[in-house]
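Heads up, the thing below is written out as structure tokens.
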Amino acid sequence: MFIIRWILGRIILLLNFVFAPKKRHRPLAEQQKIDAQTQALTLYQYPACPFCVKVRRAMRRQGLNIQTLDAKTSPHKDELITQGGKQQVPCLRIEQGDEVQWLYESKDIISYLDQRFA
């Protein structure tokens with residue numbers, strides 16, 4: 001089963017690379033404003049997860065520079081479990097002042113990004 005998942009993961013990454021969506025271009029001042037807002041966002045993900053790829057493609061389409069962390073590595077995995085409550089990806093960490101919100105499910109993350117940055 002591991003070999004099948006590994007092969008499918010590589011196929012997903014290859015197709016994502018070949019058919020990558022075009023990045024949205026904004027005026028420099030507007031892009032800097034968006035970049036400042038996205039500094040409070042972090043995406044916990046697995047590189048070959050199809051749902052994570054879906055979210056990353058939406059981020060690219062909108063031209064968002066959101067930090068991505070691999071949730072398979074120990075410090076990020078532990079942080080996701082202890083602070084987020086469960087080990088599920090994709091997960092968007094949203095910092096708003098002193099409050100931190102953890103948003104799961106790819107559709108919810110994409111709709112949040114569309115509402116906030118579109």
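In the structure tokens, chains take the letters A, B, ... in the order shown, each chain's residues start at 1, and ligands count up from 1 in the order shown.
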Next on the checklist: as an MDAnalysis selection string, please: every residue in chain A that a backbone DSSP assignment puts in helix (DSSP H, G or I).
Outcome noted: chainID A and resid 2:18 28:38 50:62 74:84 106:117
Proximity check region 56-116 of chain A to region 7-30 of chain A, 12 Å, nearest pairs one decimal Å, only C-alpha atoms, as a tab-separated table:
```
residue	atom	partner	partner_atom	distance
A:Arg56	CA	A:Asn16	CA	9.8
A:Arg57	CA	A:Pro21	CA	6.6
A:Ala58	CA	A:Pro21	CA	8.4
A:Met59	CA	A:Lys23	CA	8.7
A:Arg60	CA	A:Lys23	CA	5.3
A:Arg61	CA	A:Lys23	CA	4.9
A:Gln62	CA	A:Arg24	CA	5.3
A:Gly63	CA	A:Arg24	CA	4.8
A:Leu64	CA	A:Arg24	CA	8.5
A:Asn65	CA	A:Lys23	CA	10.7
```
Next on the checklist: Based on the backbone DSSP call, show me all residues of chain A assigned strand (DSSP E or B), as JSON, numbers by chain.
Outcome noted: {"A": [41, 42, 43, 44, 45, 67, 68, 69, 70, 91, 92, 93, 94, 95, 96, 99, 100, 101, 102, 103, 104]}
The selected residues should be written to file as an mmCIF file, in the first residue's frame (atoms: N, CA and C atoms).
```cif
data_model
loop_
_atom_site.group_PDB
_atom_site.id
_atom_site.type_symbol
_atom_site.label_atom_id
_atom_site.label_comp_id
_atom_site.auth_asym_id
_atom_site.auth_seq_id
_atom_site.Cartn_x
_atom_site.Cartn_y
_atom_site.Cartn_z
ATOM 1 N N LEU A 41 -1.011 34.154 8.278
ATOM 2 C CA LEU A 41 -1.583 32.875 7.866
ATOM 3 C C LEU A 41 -0.482 31.839 7.665
ATOM 4 N N THR A 42 -0.764 30.613 8.073
ATOM 5 C CA THR A 42 0.151 29.497 7.863
ATOM 6 C C THR A 42 -0.667 28.280 7.447
ATOM 7 N N LEU A 43 -0.213 27.594 6.398
ATOM 8 C CA LEU A 43 -0.895 26.393 5.920
ATOM 9 C C LEU A 43 -0.087 25.169 6.321
ATOM 10 N N TYR A 44 -0.693 24.296 7.124
ATOM 11 C CA TYR A 44 -0.095 23.005 7.459
ATOM 12 C C TYR A 44 -0.579 22.021 6.407
ATOM 13 N N GLN A 45 0.355 21.314 5.773
ATOM 14 C CA GLN A 45 -0.011 20.478 4.632
ATOM 15 C C GLN A 45 0.985 19.346 4.440
ATOM 16 N N GLN A 67 2.776 31.131 4.132
ATOM 17 C CA GLN A 67 3.789 30.177 4.570
ATOM 18 C C GLN A 67 3.171 28.778 4.638
ATOM 19 N N THR A 68 3.882 27.786 4.085
ATOM 20 C CA THR A 68 3.423 26.398 4.155
ATOM 21 C C THR A 68 4.399 25.595 5.004
ATOM 22 N N LEU A 69 3.858 24.749 5.852
ATOM 23 C CA LEU A 69 4.657 23.888 6.708
ATOM 24 C C LEU A 69 4.277 22.436 6.462
ATOM 25 N N ASP A 70 5.280 21.574 6.404
ATOM 26 C CA ASP A 70 5.043 20.137 6.225
ATOM 27 C C ASP A 70 4.623 19.540 7.559
ATOM 28 N N CYS A 91 -4.696 22.444 6.865
ATOM 29 C CA CYS A 91 -5.174 23.230 8.000
ATOM 30 C C CYS A 91 -4.566 24.618 7.890
ATOM 31 N N LEU A 92 -5.411 25.622 7.921
ATOM 32 C CA LEU A 92 -4.954 27.005 7.844
ATOM 33 C C LEU A 92 -4.998 27.616 9.239
ATOM 34 N N ARG A 93 -3.828 28.083 9.674
ATOM 35 C CA ARG A 93 -3.725 28.760 10.982
ATOM 36 C C ARG A 93 -3.879 30.249 10.726
ATOM 37 N N ILE A 94 -4.891 30.843 11.371
ATOM 38 C CA ILE A 94 -5.212 32.252 11.171
ATOM 39 C C ILE A 94 -4.988 32.981 12.486
ATOM 40 N N GLU A 95 -4.045 33.919 12.474
ATOM 41 C CA GLU A 95 -3.776 34.735 13.665
ATOM 42 C C GLU A 95 -4.480 36.070 13.503
ATOM 43 N N GLN A 96 -5.306 36.400 14.479
ATOM 44 C CA GLN A 96 -5.992 37.692 14.491
ATOM 45 C C GLN A 96 -5.777 38.309 15.861
ATOM 46 N N GLU A 99 -5.858 36.140 19.186
ATOM 47 C CA GLU A 99 -6.677 34.963 18.927
ATOM 48 C C GLU A 99 -6.134 34.179 17.732
ATOM 49 N N VAL A 100 -6.131 32.855 17.869
ATOM 50 C CA VAL A 100 -5.687 31.974 16.788
ATOM 51 C C VAL A 100 -6.836 31.047 16.424
ATOM 52 N N GLN A 101 -7.135 30.980 15.127
ATOM 53 C CA GLN A 101 -8.202 30.115 14.635
ATOM 54 C C GLN A 101 -7.574 29.065 13.724
ATOM 55 N N TRP A 102 -8.040 27.831 13.828
ATOM 56 C CA TRP A 102 -7.551 26.730 12.992
ATOM 57 C C TRP A 102 -8.685 26.323 12.070
ATOM 58 N N LEU A 103 -8.458 26.446 10.771
ATOM 59 C CA LEU A 103 -9.495 26.161 9.781
ATOM 60 C C LEU A 103 -9.116 24.901 9.005
ATOM 61 N N TYR A 104 -9.954 23.877 9.105
ATOM 62 C CA TYR A 104 -9.734 22.611 8.410
ATOM 63 C C TYR A 104 -10.635 22.547 7.178
#
```
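When only C-alpha atoms are used to compute distances to Phe51 (chain A), the closest of the residues A:Arg116, A:Lys77, A:Lys86, A:Lys107 turns out to be A:Lys107.
Counting only C-alpha atoms, Val55 (chain A) has the following residues at most 9 Å away, ignoring those fewer than 6 positions along the same chain: A:Pro90, A:Ser106, A:Lys107, A:Ile109, A:Ile110.
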